[in-house]
Amino acid sequence: MKKLSFTAVCFFIGLFSISIFGQEPSPTVTPSEDNPVKITTSLIQLDVVVTDKDGKPVTDLKRDDFQILQDGKPQTVSSVSYVNSQTAERTLIGGKEKDAKKITTPPANVRTKPGRIVTFVLDDGNCMATVSGTFNMRTSMKKFVDEQMLPDDRVAIYRTRGGTSLLQLYTSNKDVLLQKIAKINLLTPGSCGSAFDPTHDESTLKDGVSFESDRDKKFKADANAEQRENQVIGTIGVLNFVIERLRNIPQRKVVFLLSEGIIADTDARTRDALRTLADKAARSSVVINTMSSKGLTIPGMITSEDDVRPSQTDQVRADRIKEEAELNNGLSYLAYATGGSFIHDRNFLENEIKKVLDAETGYYLVSYEPDNETFKGKEFHHIEVKLNRTDLRVSSRKGFYGRTDKDSRPVYKSADSALYQAIDSPLKENGMDMQLTILYGNSAAEGNFIRPIFHINGNDVTLTDEPSGTKKAELDVVAVTLDVNGAVVDEFNRSYTTHVPKDGVDMVRQNGLDFVTDMSIKKPGVYSVRVAVRDKASGRLGSGGDFVDISDLKKDKFFISGLITTGVDENSRPIIPESRPVNAAFAMVPTRSVPSIRQFSKGSVLAYAYTIYNAKIAQPAGKPDLTRQLRLYRDGKLVFDAGERPLATTIWDDPSRIEDFGTLRITDAVAAGEYALQMIVHDKTTDRRSAQWIDFEVVD
């Protein structure tokens, strides 16, 4: 079991009073034969949307109207069908004469029903995100739900901040969606060297002499580039999670990515990840429409927040124009490669969402037979769909890797079980609302590990009688860790029985159950973590996803990680969610202030804890010289700033891993609502900073 230790310092201020101190393998599940897109050695089938100059769907085309080129070589179109998205009726309009009839595509499973399936991914975890951009995302989502969402639409909203979705079970309930949208906090994750950051000329004296050495400038630039790259990989990880879950739904699916940009030219890893994502989207019949949440911009504009000398003005403008183009390039590529639209320089994104959905009333399935060389070598093959009519616009996939659909799917140990399918199929009607948090940690003895923490609502847990008069809850859990390419790194599939004494029933009903255990991660990198849980008695399923950046401590990167909020014990020390044995990971929840819920009442004490990695020893003191700055935000606005204060001067056993904590008393004067706590740590020896944030709720 991994233990945490802490240091302490005290101060009081404002409205808040703060004191700082096992299963058998089964066959792999196969996708439905009704999937619109197929990539096999004998057939390539693409979904194609055709619109006129006004953006209205065109439904009367023939087979001779289509041309297909693979790697620039013309292909013979073997068949063309038109699919009505609203009725699932498919009409063969070109192909074998005996097959020229209307076919109603049956649902693949009981989770599928008529109606649009709409997915939004809000890229609020992007280190390029701004308060105004996040506000635009939230406002657009609210207006869509209020004004445009149809009664039979099923909508999910995911966030890249932490990777956890607001509601990963698709719902038609507007009230539920609006409630979740209202909780989107406007706190940005912190900048990674954006040209749009307010410029204050802090790096130079007025006579032009730089405070920073060339070495310091290079170190900062490299750190920013690494952070941007990891943020992009994290965003791609969330999109991968969304696409995997939509794969087996037999219809064309529409995804909207709202983002302030993706720099796609960071390095080969980022470019390859984007291309792999586009290939996965094509095989899953998922169209990604990208939308810049920056709104209408003036290229290179300098604002009142900037403080620059006249001689710097032209350079600042040029840097901002260049960066905006780079951010738009990534979004444009992702939309282009998946057959979607890239929307930018628009202030009212909800109007553009409506235009895209209005054009998605139907699509063509266009097929051709690939040659024998297509699946040799597994290279990327470019596809171009053309029309003989130049007055029309065609939207289609732009390519695929030379491997079949079967070879492209993750291989799970028990993939045909309902529990594993819950990871990949989000349309379970009778679902469990599951809140997932992933903490990262590192110990000298065991190396890197992640600590999944998730909470299950007490109303979703079925308690059955036992002969002794007690109650029990029986739950099945699947947890899967995948790398950036979607390969399974680790997984487990376990059944749990939690015994509840008579006097604990009300506690379970009120606070539910939570799950805490550790999973080892051997190699540094960005990983996607997926968890599914099933209540055996009722059959209810819940699932969640997150991504985590596992840093390489050997590279001397300074960072903080594992920030949590929790209650305190009788000694005013944090109640830390220590790892439970993997075979006994569930437990009753005594209070709603635990890290899996993070709900605090007025008059209570909130504790926060985090770990500092790779702090440097300052000489001649022989210990790290660290400061921290605690900030509280509500609705994107700073409501409290404790200022930069030194950490306690306690001697640490291991300066490369420093665990710290603090407490915050929530007085009666604090308004109820959603808050975000941000911790910024400064290593003054190397002039390096790192920040983390965590959200929590204050209740009456």
# chains A, B, ... in the order shown; residues from 1 in each chain; ligands from 1

$ residues_around --residues "stretch 63-67 of chain A" --least-positions-apart "5" --cutoff "9 Å" --atoms "only C-alpha atoms" --output "PyMOL selection string"
chain A and resi 74-81+93-95+366+384-389

$ write_last_selection --atoms "C-alpha atoms" --output "short mmCIF file (atom, residue, chain, number, x, y, z; two decimals), in the first residue's frame"
data_model
loop_
_atom_site.label_atom_id
_atom_site.label_comp_id
_atom_site.auth_asym_id
_atom_site.auth_seq_id
_atom_site.Cartn_x
_atom_site.Cartn_y
_atom_site.Cartn_z
CA PRO A 74 -9.62 5.37 -60.64
CA GLN A 75 -11.68 2.56 -59.11
CA THR A 76 -14.75 0.81 -60.47
CA VAL A 77 -17.85 1.77 -58.45
CA SER A 78 -19.58 -1.52 -57.74
CA SER A 79 -22.71 -0.22 -56.03
CA VAL A 80 -24.39 2.90 -54.70
CA SER A 81 -27.20 3.01 -52.13
CA ILE A 93 -29.78 2.78 -56.80
CA GLY A 94 -26.88 1.21 -58.66
CA GLY A 95 -25.52 -2.34 -58.56
CA VAL A 366 -20.58 3.96 -52.29
CA GLU A 384 -11.07 10.82 -53.21
CA VAL A 385 -14.77 10.76 -54.06
CA LYS A 386 -15.73 13.00 -56.98
CA LEU A 387 -18.99 13.89 -58.67
CA ASN A 388 -19.63 14.46 -62.33
CA ARG A 389 -21.81 17.41 -61.31
#

$ residues_around --residues "A:Ile117" --least-positions-apart "6" --cutoff "12 Å" --atoms "only C-alpha atoms" --output "PyMOL selection string"
chain A and resi 85-86+111+149-157+169-172+246+249-256+286-287+357+360+426-427

$ write_last_selection --atoms "C-alpha atoms" --output "PDB file, in the first residue's frame"
ATOM      1  CA  SER A  85     -31.050   8.516 -41.663  1.00  0.00           C
ATOM      2  CA  GLN A  86     -34.477   9.100 -40.136  1.00  0.00           C
ATOM      3  CA  ARG A 111     -30.050   0.026 -27.599  1.00  0.00           C
ATOM      4  CA  MET A 149     -32.558  19.515 -29.615  1.00  0.00           C
ATOM      5  CA  LEU A 150     -35.356  17.267 -30.915  1.00  0.00           C
ATOM      6  CA  PRO A 151     -37.459  15.050 -28.613  1.00  0.00           C
ATOM      7  CA  ASP A 152     -35.895  11.803 -29.919  1.00  0.00           C
ATOM      8  CA  ASP A 153     -32.314  13.105 -30.069  1.00  0.00           C
ATOM      9  CA  ARG A 154     -29.830  11.383 -27.818  1.00  0.00           C
ATOM     10  CA  VAL A 155     -26.971  13.616 -26.799  1.00  0.00           C
ATOM     11  CA  ALA A 156     -23.742  13.193 -24.858  1.00  0.00           C
ATOM     12  CA  ILE A 157     -21.262  15.897 -23.913  1.00  0.00           C
ATOM     13  CA  LEU A 169     -24.798   7.669 -21.321  1.00  0.00           C
ATOM     14  CA  TYR A 170     -26.629   9.373 -24.182  1.00  0.00           C
ATOM     15  CA  THR A 171     -29.836  10.997 -23.054  1.00  0.00           C
ATOM     16  CA  SER A 172     -32.918  12.741 -24.424  1.00  0.00           C
ATOM     17  CA  LEU A 246     -19.905   4.574 -31.220  1.00  0.00           C
ATOM     18  CA  ILE A 249     -24.028   1.548 -33.650  1.00  0.00           C
ATOM     19  CA  PRO A 250     -25.175   0.797 -37.226  1.00  0.00           C
ATOM     20  CA  GLN A 251     -25.630   4.293 -38.596  1.00  0.00           C
ATOM     21  CA  ARG A 252     -23.658   7.374 -39.506  1.00  0.00           C
ATOM     22  CA  LYS A 253     -22.703   9.235 -36.322  1.00  0.00           C
ATOM     23  CA  VAL A 254     -22.007  12.959 -35.969  1.00  0.00           C
ATOM     24  CA  VAL A 255     -19.399  14.282 -33.524  1.00  0.00           C
ATOM     25  CA  PHE A 256     -18.677  17.966 -32.883  1.00  0.00           C
ATOM     26  CA  VAL A 286     -18.096   8.688 -37.326  1.00  0.00           C
ATOM     27  CA  VAL A 287     -17.889  12.160 -38.852  1.00  0.00           C
ATOM     28  CA  LEU A 357     -27.328  18.426 -38.563  1.00  0.00           C
ATOM     29  CA  GLU A 360     -27.392  14.840 -42.116  1.00  0.00           C
ATOM     30  CA  PRO A 426     -23.072   4.003 -24.830  1.00  0.00           C
ATOM     31  CA  LEU A 427     -26.775   3.636 -25.612  1.00  0.00           C
TER      32      LEU A 427
END

$ residues_around --residues "A:Val508" --least-positions-apart "4" --cutoff "7 Å" --atoms "only C-alpha atoms" --output "list in words"
Gly458, Gly504, Gly512, Leu513, Met588 and Val589 of chain A

$ closest_atom_pairs --of "stretch 519-570 of chain A" --to "stretch 665-676 of chain A" --cutoff "12 Å" --atoms "only C-alpha atoms" --output "JSON lines"
{"residue": "A:Leu563", "atom": "CA", "partner": "A:Ala676", "partner_atom": "CA", "distance": 11.5}
{"residue": "A:Ile564", "atom": "CA", "partner": "A:Ala676", "partner_atom": "CA", "distance": 11.1}
{"residue": "A:Thr565", "atom": "CA", "partner": "A:Ala676", "partner_atom": "CA", "distance": 10.2}
{"residue": "A:Thr566", "atom": "CA", "partner": "A:Arg665", "partner_atom": "CA", "distance": 11.9}
{"residue": "A:Gly567", "atom": "CA", "partner": "A:Arg665", "partner_atom": "CA", "distance": 10.5}
{"residue": "A:Val568", "atom": "CA", "partner": "A:Arg665", "partner_atom": "CA", "distance": 10.7}

$ residues_around --residues "A:Leu630" --least-positions-apart "2" --cutoff "9 Å" --atoms "only C-alpha atoms" --output "number ranges by chain"
A: 628, 632, 640-644, 677-681

$ closest_residue --among "A:Thr685, A:Ala359, A:Lys536, A:Val242" --to "A:Ala621" --atoms "only C-alpha atoms"
A:Thr685

$ residues_around --residues "stretch 345-350 of chain A" --least-positions-apart "5" --cutoff "8 Å" --atoms "only C-alpha atoms" --output "JSON, numbers by chain"
{"A": [136, 140, 141, 143, 144, 291, 292, 293, 294, 295, 296, 297]}

$ select_by_dssp --residues "stretch 468-679 of chain A" --states "strand (DSSP E)" --output "MDAnalysis selection string"
chainID A and resid 471:482 488:500 513:516 519:520 525:535 541:550 559:566 586:588 599:601 605:613 617:618 623:624 626:634 637:646 657:666 673:679
